[in-house]
file entry15.cif (mmCIF, C-alpha atoms)
data_structure
#
loop_
_atom_site.label_atom_id
_atom_site.label_comp_id
_atom_site.auth_asym_id
_atom_site.auth_seq_id
_atom_site.Cartn_x
_atom_site.Cartn_y
_atom_site.Cartn_z
CA SER P 1 -138.47 120.73 140.13
CA HIS P 2 -137.31 123.97 138.56
CA LEU P 3 -137.95 126.04 135.47
CA PRO P 4 -135.60 125.39 132.53
CA PRO P 5 -132.59 127.69 132.08
CA ARG P 6 -133.34 131.35 131.25
CA GLN P 7 -137.10 130.76 131.31
CA SER P 8 -138.93 133.35 133.35
CA PRO P 9 -142.45 132.80 134.77
CA ARG P 10 -144.97 132.87 131.92
CA PHE P 11 -148.17 134.90 131.99
CA GLY P 12 -151.48 133.81 130.58
CA GLN P 13 -153.73 135.87 128.34
CA ASN P 14 -154.49 139.29 129.88
CA ALA P 15 -151.97 138.43 132.63
CA SER P 16 -154.72 136.74 134.66
CA TRP P 17 -152.40 133.98 135.83
CA VAL P 18 -148.74 133.15 135.97
CA MET P 19 -147.34 129.66 135.36
CA THR P 20 -144.45 128.42 137.50
CA SER P 21 -143.04 124.98 138.13
CA SER P 22 -145.44 124.64 141.06
CA GLY P 23 -148.52 125.29 138.94
CA LEU P 24 -150.71 128.30 138.15
CA TRP P 25 -150.81 131.37 140.35
CA PRO P 26 -153.64 133.89 139.97
CA TYR P 27 -152.35 137.33 139.11
CA GLY P 28 -154.05 140.68 139.38
CA GLU P 29 -153.04 144.25 140.09
CA GLY P 30 -151.51 144.41 143.55
CA SER P 31 -151.76 140.67 144.11
CA VAL P 32 -148.02 140.02 143.84
CA ALA P 33 -146.05 142.04 146.37
CA PRO P 34 -142.30 142.66 145.96
CA GLY P 35 -141.49 140.11 148.65
CA ALA P 36 -143.58 137.49 146.89
CA VAL P 37 -141.73 138.16 143.65
CA ASP P 38 -138.43 137.67 145.45
CA ARG P 39 -139.64 134.33 146.79
CA LEU P 40 -140.98 133.35 143.37
CA VAL P 41 -137.68 134.05 141.62
CA GLU P 42 -135.43 132.63 144.32
CA GLY P 43 -137.66 129.62 144.88
CA TYR P 44 -138.36 128.64 141.31
CA ILE P 45 -135.34 129.83 139.33
CA PRO P 46 -132.41 129.08 141.68
CA LEU P 47 -130.55 126.77 139.29
CA ARG P 48 -129.23 126.72 135.75
CA LEU P 49 -128.41 123.83 133.47
CA ASP P 50 -125.01 124.59 131.94
CA GLN P 51 -123.66 122.04 129.42
CA GLY P 52 -125.33 119.21 131.27
CA VAL P 53 -124.23 120.40 134.73
CA ILE P 54 -126.67 121.88 137.24
CA ARG P 55 -125.22 124.92 139.00
CA PRO P 56 -126.54 127.70 141.23
CA ALA P 57 -127.83 130.72 139.34
CA SER P 58 -125.57 133.75 139.53
CA GLN P 59 -126.74 136.96 141.15
CA SER P 60 -127.00 138.66 137.76
CA GLU P 61 -129.09 135.78 136.38
CA LEU P 62 -131.49 136.04 139.32
CA LEU P 63 -131.73 139.81 138.92
CA GLN P 64 -132.37 139.42 135.20
CA ALA P 65 -135.10 136.86 135.87
CA ARG P 66 -136.65 139.16 138.46
CA LEU P 67 -136.49 142.06 136.00
CA ASN P 68 -138.23 139.94 133.35
CA PHE P 69 -140.94 139.13 135.86
CA TYR P 70 -141.54 142.78 136.82
CA GLN P 71 -141.53 143.94 133.20
CA ALA P 72 -144.21 141.42 132.33
CA ALA P 73 -146.22 141.84 135.52
CA LYS P 74 -145.99 145.57 136.21
CA GLY P 75 -144.75 147.17 133.00
CA PRO P 76 -141.44 148.83 132.05
CA GLU P 77 -142.08 152.05 134.01
CA ALA P 78 -143.20 150.53 137.31
CA ASP P 79 -141.17 151.39 140.41
CA GLU P 80 -140.35 147.73 141.00
CA THR P 81 -139.11 147.31 137.43
CA ILE P 82 -136.91 150.40 137.56
CA ASP P 83 -135.54 149.48 141.00
CA CYS P 84 -134.59 146.00 139.75
CA LEU P 85 -133.12 147.41 136.53
CA LEU P 86 -130.92 149.86 138.45
CA SER P 87 -129.76 147.08 140.77
CA LEU P 88 -128.79 144.99 137.74
CA VAL P 89 -126.82 147.92 136.27
CA ASP P 90 -125.00 148.34 139.59
CA LEU P 91 -124.04 144.67 139.57
CA GLN P 92 -122.94 144.71 135.93
CA LEU P 93 -120.68 147.69 136.60
CA ALA P 94 -119.20 145.94 139.63
CA LEU P 95 -118.44 142.95 137.39
CA CYS P 96 -116.70 145.27 134.87
CA GLY P 97 -119.43 144.76 132.29
CA LEU P 98 -119.62 148.34 131.02
CA ASP P 99 -121.34 147.56 127.71
CA ALA P 100 -123.85 145.24 129.39
CA ALA P 101 -124.58 147.93 132.00
CA GLY P 102 -125.01 150.55 129.29
CA ALA P 103 -127.43 148.38 127.33
CA THR P 104 -129.46 147.62 130.46
CA PHE P 105 -129.56 151.27 131.52
CA ARG P 106 -130.63 152.82 128.18
CA PRO P 107 -134.41 152.19 128.57
CA VAL P 108 -134.51 154.16 131.82
CA VAL P 109 -132.74 157.28 130.44
CA PRO P 110 -135.85 158.95 128.92
CA LEU P 111 -138.20 158.09 131.80
CA SER P 112 -139.52 160.81 134.10
CA LEU P 113 -138.89 159.88 137.73
CA ASP P 114 -139.72 163.23 139.33
CA GLY P 115 -142.24 161.57 141.62
CA GLN P 116 -139.75 158.95 142.84
CA PRO P 117 -136.83 160.91 144.35
CA ALA P 118 -134.94 157.85 145.61
CA LEU P 119 -135.06 156.15 142.20
CA GLU P 120 -134.21 159.42 140.45
CA ALA P 121 -131.14 159.89 142.67
CA ARG P 122 -129.96 156.37 141.85
CA ARG P 123 -130.65 156.89 138.14
CA LEU P 124 -128.66 160.14 138.07
CA GLN P 125 -125.71 158.59 139.89
CA LEU P 126 -125.58 155.63 137.50
CA GLN P 127 -125.96 157.97 134.53
CA LYS P 128 -122.96 159.95 135.75
CA THR P 129 -120.96 156.77 136.33
CA LEU P 130 -121.70 155.42 132.86
CA THR P 131 -120.91 158.77 131.23
CA THR P 132 -117.54 158.94 132.98
CA SER P 133 -116.69 155.27 132.41
CA TYR P 134 -117.32 155.43 128.66
CA ARG P 135 -115.33 158.68 128.37
CA GLN P 136 -112.40 157.23 130.27
CA ARG P 137 -112.40 154.14 128.06
CA ALA P 138 -112.59 156.37 124.99
CA GLU P 139 -109.54 158.30 126.19
CA ARG P 140 -107.61 155.06 126.73
CA ASN P 141 -108.52 153.87 123.24
CA GLN P 142 -107.54 157.24 121.81
CA ARG P 143 -104.12 157.13 123.46
CA GLN P 144 -103.58 153.65 122.03
CA ASN P 145 -104.66 154.77 118.53
CA ARG P 146 -107.79 152.63 118.57
CA HIS P 147 -109.76 155.47 117.04
CA THR P 148 -112.82 153.55 115.89
CA GLN P 149 -113.40 152.22 119.41
CA ALA P 150 -112.67 155.65 120.88
CA ILE P 151 -115.30 157.30 118.69
CA ALA P 152 -117.88 154.64 119.66
CA ASP P 153 -117.14 155.15 123.36
CA TYR P 154 -117.34 158.95 123.13
CA GLU P 155 -120.69 158.57 121.39
CA ALA P 156 -121.90 156.18 124.11
CA SER P 157 -120.80 158.64 126.79
CA LEU P 158 -122.72 161.46 125.11
CA GLU P 159 -125.78 159.23 124.81
CA PHE P 160 -126.06 159.31 128.59
CA GLN P 161 -124.96 162.88 129.23
CA GLU P 162 -123.40 165.75 127.30
CA THR P 163 -120.09 166.77 128.85
CA PRO P 164 -117.44 169.17 127.49
CA GLU P 165 -114.79 166.46 127.74
CA SER P 166 -116.66 163.94 125.59
CA LEU P 167 -117.81 166.55 123.10
CA ASN P 168 -114.24 167.79 122.71
CA GLY P 169 -112.77 164.29 122.43
CA LEU P 170 -115.25 163.19 119.77
CA ALA P 171 -114.98 166.43 117.79
CA TRP P 172 -111.18 166.29 117.84
CA LEU P 173 -111.10 162.74 116.49
CA LEU P 174 -113.61 163.53 113.76
CA ALA P 175 -111.60 166.61 112.75
CA THR P 176 -108.11 165.11 112.79
CA ASN P 177 -108.24 161.34 112.35
CA SER P 178 -107.75 160.51 108.69
CA GLY P 179 -109.59 157.19 108.94
CA GLN P 180 -112.86 158.63 110.30
CA LYS P 181 -112.53 162.30 109.35
CA ASP P 182 -115.84 164.17 109.27
CA PRO P 183 -115.13 167.89 109.67
CA VAL P 184 -118.75 168.94 109.22
CA ARG P 185 -119.90 166.78 112.11
CA ALA P 186 -116.79 167.71 114.10
CA LEU P 187 -117.65 171.38 113.73
CA ALA P 188 -121.23 170.83 114.91
CA ILE P 189 -120.08 168.85 117.96
CA ALA P 190 -117.36 171.37 118.84
CA HIS P 191 -119.90 174.20 118.43
CA ARG P 192 -122.22 172.43 120.90
CA GLY P 193 -119.35 172.08 123.36
CA CYS P 194 -118.50 175.76 123.05
CA GLU P 195 -122.16 176.65 123.64
CA ILE P 196 -122.51 174.70 126.88
CA THR P 197 -119.21 176.11 128.20
CA GLY P 198 -120.03 179.70 127.28
CA TRP P 199 -117.25 179.84 124.68
CA SER P 200 -114.72 179.86 127.51
CA ASP P 201 -113.00 176.45 127.22
CA TRP P 202 -109.73 176.83 125.30
CA ARG P 203 -109.65 173.14 124.39
CA LEU P 204 -113.05 173.29 122.70
CA LEU P 205 -112.18 176.58 121.03
CA THR P 206 -109.03 174.97 119.64
CA THR P 207 -110.99 171.97 118.36
CA TYR P 208 -113.56 174.30 116.84
CA ALA P 209 -110.82 176.19 115.01
CA VAL P 210 -109.24 172.95 113.74
CA ALA P 211 -112.63 171.69 112.48
CA CYS P 212 -113.18 174.99 110.66
CA ALA P 213 -109.77 174.68 109.03
CA GLU P 214 -110.57 171.17 107.82
CA LEU P 215 -113.72 172.21 105.94
#

call {"tool": "encode", "arguments": {"input": "entry15.cif", "output": "structure tokens"}}
result
Amino acid sequence: SHLPPRQSPRFGQNASWVMTSSGLWPYGEGSVAPGAVDRLVEGYIPLRLDQGVIRPASQSELLQARLNFYQAAKGPEADETIDCLLSLVDLQLALCGLDAAGATFRPVVPLSLDGQPALEARRLQLQKTLTTSYRQRAERNQRQNRHTQAIADYEASLEFQETPESLNGLAWLLATNSGQKDPVRALAIAHRGCEITGWSDWRLLTTYAVACAEL
């Protein structure tokens, strides 16, 4: 017997027990080790019912179920939760699911991981990857005149990390694209780009000048 599709283990009041298809398990702080969680997820959520057909759960489905378990059992800032979340982002990126990866990663951006150097290193690497991936997609959309999508992707890139390239790209579109022109915002964004580059990047200086001229 298995849990129904997309149903993660359910916790009782005050998280004193967890219900699985095999019955009730007592739960308390430290009573469920990472290995036990792996066995719980793999043992009790290995299948999915898809349009009447039973199939093996995908790796992303298992990771998502495991993440749900950790979030409920340990909280959103627990090491196990963050480790599982970062693993899910890695997998989503490998499967070319940039927007899914971005949505999964957002809750971990504001967290302080100074005391967990391994997790912090992984977080920073994924943050850099997402920043670059959104900027590159924005540039492709911009070249193909899909300006609305380009603006959204530049904004997503900047949500993860401010870079001169994304600041310049977004400011330029807002200053020059007739459909989404916003010279006031373009000027503020270009000004920020000039600040972080010490007023030495000719591309940002040009964009700044264009935004000023559009006011």

call {"tool": "resolve_selection", "arguments": {"input": "entry15.cif", "expression": "the PyMOL selection byres ((chain P and resi 58-70) around 7)", "output": "PyMOL selection string"}}
result
chain P and resi 8-9+41+56-57+71-75+80-81+84-85+88+91

call {"tool": "resolve_selection", "arguments": {"input": "entry15.cif", "expression": "the PyMOL selection byres ((chain P and resi 188) around 12)", "output": "ChimeraX atom specification"}}
result
/P:167-168,170-172,174-175,182-187,189-195,204,207-209,211-212,215

call {"tool": "atom_distance", "arguments": {"input": "entry15.cif", "atom1": "CA of Glu159 (chain P)", "atom2": "CA of Arg203 (chain P)"}}
result
21.3 Å

call {"tool": "closest_atom_pairs", "arguments": {"input": "entry15.cif", "of": "region 57-103 of chain P", "to": "region 111-115 of chain P", "cutoff": "12 Å", "atoms": "all atoms listed in the file", "output": "JSON lines"}}
result
{"residue": "P:Pro76", "atom": "CA", "partner": "P:Leu111", "partner_atom": "CA", "distance": 9.8}
{"residue": "P:Glu77", "atom": "CA", "partner": "P:Leu111", "partner_atom": "CA", "distance": 7.5}
{"residue": "P:Ala78", "atom": "CA", "partner": "P:Leu113", "partner_atom": "CA", "distance": 10.3}
{"residue": "P:Asp79", "atom": "CA", "partner": "P:Leu113", "partner_atom": "CA", "distance": 9.2}
{"residue": "P:Ile82", "atom": "CA", "partner": "P:Leu113", "partner_atom": "CA", "distance": 9.7}
{"residue": "P:Asp83", "atom": "CA", "partner": "P:Leu113", "partner_atom": "CA", "distance": 11.4}

call {"tool": "atom_distance", "arguments": {"input": "entry15.cif", "atom1": "CA of Tyr134 (chain P)", "atom2": "CA of Phe160 (chain P)"}}
result
9.6 Å

call {"tool": "atom_distance", "arguments": {"input": "entry15.cif", "atom1": "CA of Thr163 (chain P)", "atom2": "CA of Lys128 (chain P)"}}
result
10.1 Å

call {"tool": "closest_residue", "arguments": {"input": "entry15.cif", "among": "P:Ile151, P:Leu93, P:Leu126, P:Leu205", "to": "Val108 (chain P)", "atoms": "only C-alpha atoms"}}
result
P:Leu126

call {"tool": "residues_around", "arguments": {"input": "entry15.cif", "residues": "Ala152 (chain P)", "least_positions_apart": "6", "cutoff": "12 Å", "atoms": "all atoms listed in the file", "output": "VMD selection string"}}
result
chain P and resid 99 134 to 135 137 to 139 141 to 142 146 158 to 159 166 169 to 170 173 to 174 180

call {"tool": "write_last_selection", "arguments": {"input": "entry15.cif", "atoms": "C-alpha atoms", "output": "compact mmCIF listing (two decimals), in the frame of the given file"}}
result
# COMPACT_ATOMS: atom_id res chain seq x y z
CA ASP P 99 -121.34 147.56 127.71
CA TYR P 134 -117.32 155.43 128.66
CA ARG P 135 -115.33 158.68 128.37
CA ARG P 137 -112.40 154.14 128.06
CA ALA P 138 -112.59 156.37 124.99
CA GLU P 139 -109.54 158.30 126.19
CA ASN P 141 -108.52 153.87 123.24
CA GLN P 142 -107.54 157.24 121.81
CA ARG P 146 -107.79 152.63 118.57
CA LEU P 158 -122.72 161.46 125.11
CA GLU P 159 -125.78 159.23 124.81
CA SER P 166 -116.66 163.94 125.59
CA GLY P 169 -112.77 164.29 122.43
CA LEU P 170 -115.25 163.19 119.77
CA LEU P 173 -111.10 162.74 116.49
CA LEU P 174 -113.61 163.53 113.76
CA GLN P 180 -112.86 158.63 110.30

call {"tool": "closest_residue", "arguments": {"input": "entry15.cif", "among": "P:Asn145, P:Thr131, P:Thr176, P:Ser87", "to": "Val210 (chain P)", "atoms": "all atoms listed in the file"}}
result
P:Thr176

call {"tool": "closest_residue", "arguments": {"input": "entry15.cif", "among": "P:Glu165, P:Gln125, P:Glu214, P:Thr132", "to": "Lys181 (chain P)", "atoms": "all atoms listed in the file"}}
result
P:Glu214

call {"tool": "decode", "arguments": {"input": "entry15.cif", "residues": "region 50-166 of chain P", "atoms": "C-alpha atoms", "output": "PDB file, in the first residue's frame"}}
result
ATOM      1  CA  ASP P  50      -1.206   9.199 -13.308  1.00  0.00           C
ATOM      2  CA  GLN P  51      -4.505   9.101 -15.252  1.00  0.00           C
ATOM      3  CA  GLY P  52      -5.287   5.665 -13.908  1.00  0.00           C
ATOM      4  CA  VAL P  53      -1.778   4.286 -14.517  1.00  0.00           C
ATOM      5  CA  ILE P  54       0.626   3.535 -11.666  1.00  0.00           C
ATOM      6  CA  ARG P  55       4.161   4.670 -12.458  1.00  0.00           C
ATOM      7  CA  PRO P  56       7.404   5.132 -10.536  1.00  0.00           C
ATOM      8  CA  ALA P  57       7.785   8.553  -8.947  1.00  0.00           C
ATOM      9  CA  SER P  58      10.297  10.792 -10.665  1.00  0.00           C
ATOM     10  CA  GLN P  59      13.400  11.994  -8.867  1.00  0.00           C
ATOM     11  CA  SER P  60      11.985  15.515  -8.630  1.00  0.00           C
ATOM     12  CA  GLU P  61       8.731  14.196  -7.140  1.00  0.00           C
ATOM     13  CA  LEU P  62      10.650  12.257  -4.500  1.00  0.00           C
ATOM     14  CA  LEU P  63      12.792  15.287  -3.689  1.00  0.00           C
ATOM     15  CA  GLN P  64       9.702  17.471  -3.437  1.00  0.00           C
ATOM     16  CA  ALA P  65       8.048  14.955  -1.101  1.00  0.00           C
ATOM     17  CA  ARG P  66      11.204  14.812   1.008  1.00  0.00           C
ATOM     18  CA  LEU P  67      11.327  18.614   1.104  1.00  0.00           C
ATOM     19  CA  ASN P  68       7.697  18.726   2.259  1.00  0.00           C
ATOM     20  CA  PHE P  69       8.554  16.273   5.002  1.00  0.00           C
ATOM     21  CA  TYR P  70      11.548  18.277   6.250  1.00  0.00           C
ATOM     22  CA  GLN P  71       9.664  21.571   6.131  1.00  0.00           C
ATOM     23  CA  ALA P  72       6.907  20.138   8.294  1.00  0.00           C
ATOM     24  CA  ALA P  73       9.189  18.169  10.604  1.00  0.00           C
ATOM     25  CA  LYS P  74      12.184  20.465  11.029  1.00  0.00           C
ATOM     26  CA  GLY P  75      11.097  23.888   9.792  1.00  0.00           C
ATOM     27  CA  PRO P  76      12.050  25.953   6.724  1.00  0.00           C
ATOM     28  CA  GLU P  77      15.493  26.964   8.026  1.00  0.00           C
ATOM     29  CA  ALA P  78      16.725  23.548   9.163  1.00  0.00           C
ATOM     30  CA  ASP P  79      19.913  22.216   7.568  1.00  0.00           C
ATOM     31  CA  GLU P  80      18.074  19.179   6.225  1.00  0.00           C
ATOM     32  CA  THR P  81      15.386  21.356   4.640  1.00  0.00           C
ATOM     33  CA  ILE P  82      17.890  23.673   2.976  1.00  0.00           C
ATOM     34  CA  ASP P  83      20.040  20.767   1.767  1.00  0.00           C
ATOM     35  CA  CYS P  84      16.995  19.109   0.180  1.00  0.00           C
ATOM     36  CA  LEU P  85      15.808  22.400  -1.315  1.00  0.00           C
ATOM     37  CA  LEU P  86      19.200  23.052  -2.927  1.00  0.00           C
ATOM     38  CA  SER P  87      19.266  19.514  -4.318  1.00  0.00           C
ATOM     39  CA  LEU P  88      15.838  20.080  -5.856  1.00  0.00           C
ATOM     40  CA  VAL P  89      17.017  23.346  -7.454  1.00  0.00           C
ATOM     41  CA  ASP P  90      20.036  21.534  -8.899  1.00  0.00           C
ATOM     42  CA  LEU P  91      17.772  18.907 -10.424  1.00  0.00           C
ATOM     43  CA  GLN P  92      15.310  21.459 -11.804  1.00  0.00           C
ATOM     44  CA  LEU P  93      18.138  23.338 -13.497  1.00  0.00           C
ATOM     45  CA  ALA P  94      19.460  20.096 -14.978  1.00  0.00           C
ATOM     46  CA  LEU P  95      15.981  19.454 -16.389  1.00  0.00           C
ATOM     47  CA  CYS P  96      15.955  22.968 -17.947  1.00  0.00           C
ATOM     48  CA  GLY P  97      13.261  24.163 -15.555  1.00  0.00           C
ATOM     49  CA  LEU P  98      14.655  27.645 -14.907  1.00  0.00           C
ATOM     50  CA  ASP P  99      11.420  29.191 -13.616  1.00  0.00           C
ATOM     51  CA  ALA P 100      10.705  26.196 -11.375  1.00  0.00           C
ATOM     52  CA  ALA P 101      14.263  26.375 -10.005  1.00  0.00           C
ATOM     53  CA  GLY P 102      13.923  30.099  -9.393  1.00  0.00           C
ATOM     54  CA  ALA P 103      10.646  29.669  -7.522  1.00  0.00           C
ATOM     55  CA  THR P 104      12.104  26.871  -5.385  1.00  0.00           C
ATOM     56  CA  PHE P 105      15.267  28.851  -4.618  1.00  0.00           C
ATOM     57  CA  ARG P 106      13.650  32.168  -3.594  1.00  0.00           C
ATOM     58  CA  PRO P 107      12.886  31.206   0.057  1.00  0.00           C
ATOM     59  CA  VAL P 108      16.554  30.465   0.738  1.00  0.00           C
ATOM     60  CA  VAL P 109      17.891  33.798  -0.623  1.00  0.00           C
ATOM     61  CA  PRO P 110      17.343  35.857   2.579  1.00  0.00           C
ATOM     62  CA  LEU P 111      18.503  33.137   4.990  1.00  0.00           C
ATOM     63  CA  SER P 112      21.752  33.513   6.918  1.00  0.00           C
ATOM     64  CA  LEU P 113      23.916  30.423   6.454  1.00  0.00           C
ATOM     65  CA  ASP P 114      27.153  31.756   7.937  1.00  0.00           C
ATOM     66  CA  GLY P 115      27.318  28.836  10.344  1.00  0.00           C
ATOM     67  CA  GLN P 116      26.907  26.241   7.572  1.00  0.00           C
ATOM     68  CA  PRO P 117      29.799  26.845   5.140  1.00  0.00           C
ATOM     69  CA  ALA P 118      29.025  23.861   2.898  1.00  0.00           C
ATOM     70  CA  LEU P 119      25.391  24.897   2.462  1.00  0.00           C
ATOM     71  CA  GLU P 120      26.392  28.540   2.000  1.00  0.00           C
ATOM     72  CA  ALA P 121      28.853  27.584  -0.757  1.00  0.00           C
ATOM     73  CA  ARG P 122      26.135  25.617  -2.555  1.00  0.00           C
ATOM     74  CA  ARG P 123      23.641  28.456  -2.099  1.00  0.00           C
ATOM     75  CA  LEU P 124      26.059  31.021  -3.542  1.00  0.00           C
ATOM     76  CA  GLN P 125      26.878  28.830  -6.535  1.00  0.00           C
ATOM     77  CA  LEU P 126      23.197  28.270  -7.338  1.00  0.00           C
ATOM     78  CA  GLN P 127      22.492  31.971  -6.843  1.00  0.00           C
ATOM     79  CA  LYS P 128      25.200  32.795  -9.374  1.00  0.00           C
ATOM     80  CA  THR P 129      23.867  30.183 -11.803  1.00  0.00           C
ATOM     81  CA  LEU P 130      20.301  31.484 -11.574  1.00  0.00           C
ATOM     82  CA  THR P 131      21.452  35.099 -11.956  1.00  0.00           C
ATOM     83  CA  THR P 132      23.410  34.253 -15.102  1.00  0.00           C
ATOM     84  CA  SER P 133      20.719  31.988 -16.570  1.00  0.00           C
ATOM     85  CA  TYR P 134      17.967  34.598 -16.231  1.00  0.00           C
ATOM     86  CA  ARG P 135      20.232  37.307 -17.694  1.00  0.00           C
ATOM     87  CA  GLN P 136      21.163  35.140 -20.656  1.00  0.00           C
ATOM     88  CA  ARG P 137      17.511  34.358 -21.325  1.00  0.00           C
ATOM     89  CA  ALA P 138      16.696  38.057 -21.044  1.00  0.00           C
ATOM     90  CA  GLU P 139      19.358  38.860 -23.638  1.00  0.00           C
ATOM     91  CA  ARG P 140      17.947  36.228 -26.009  1.00  0.00           C
ATOM     92  CA  ASN P 141      14.451  37.641 -25.587  1.00  0.00           C
ATOM     93  CA  GLN P 142      15.779  41.148 -26.135  1.00  0.00           C
ATOM     94  CA  ARG P 143      17.500  40.171 -29.385  1.00  0.00           C
ATOM     95  CA  GLN P 144      14.249  38.602 -30.583  1.00  0.00           C
ATOM     96  CA  ASN P 145      12.236  41.717 -29.638  1.00  0.00           C
ATOM     97  CA  ARG P 146      10.326  39.925 -26.892  1.00  0.00           C
ATOM     98  CA  HIS P 147      10.740  42.923 -24.638  1.00  0.00           C
ATOM     99  CA  THR P 148       8.113  42.098 -22.022  1.00  0.00           C
ATOM    100  CA  GLN P 149       9.733  38.708 -21.371  1.00  0.00           C
ATOM    101  CA  ALA P 150      13.188  40.282 -21.420  1.00  0.00           C
ATOM    102  CA  ILE P 151      12.216  42.813 -18.753  1.00  0.00           C
ATOM    103  CA  ALA P 152      10.747  40.043 -16.564  1.00  0.00           C
ATOM    104  CA  ASP P 153      13.925  37.976 -16.899  1.00  0.00           C
ATOM    105  CA  TYR P 154      16.222  40.913 -16.112  1.00  0.00           C
ATOM    106  CA  GLU P 155      14.123  41.596 -13.025  1.00  0.00           C
ATOM    107  CA  ALA P 156      14.349  37.930 -11.993  1.00  0.00           C
ATOM    108  CA  SER P 157      18.121  37.998 -12.459  1.00  0.00           C
ATOM    109  CA  LEU P 158      18.411  41.091 -10.255  1.00  0.00           C
ATOM    110  CA  GLU P 159      16.208  39.461  -7.629  1.00  0.00           C
ATOM    111  CA  PHE P 160      18.993  36.953  -7.029  1.00  0.00           C
ATOM    112  CA  GLN P 161      21.999  39.223  -7.479  1.00  0.00           C
ATOM    113  CA  GLU P 162      22.727  42.729  -8.718  1.00  0.00           C
ATOM    114  CA  THR P 163      25.097  42.639 -11.683  1.00  0.00           C
ATOM    115  CA  PRO P 164      26.127  45.488 -14.022  1.00  0.00           C
ATOM    116  CA  GLU P 165      24.977  43.491 -17.041  1.00  0.00           C
ATOM    117  CA  SER P 166      21.425  42.975 -15.781  1.00  0.00           C
TER     118      SER P 166
END
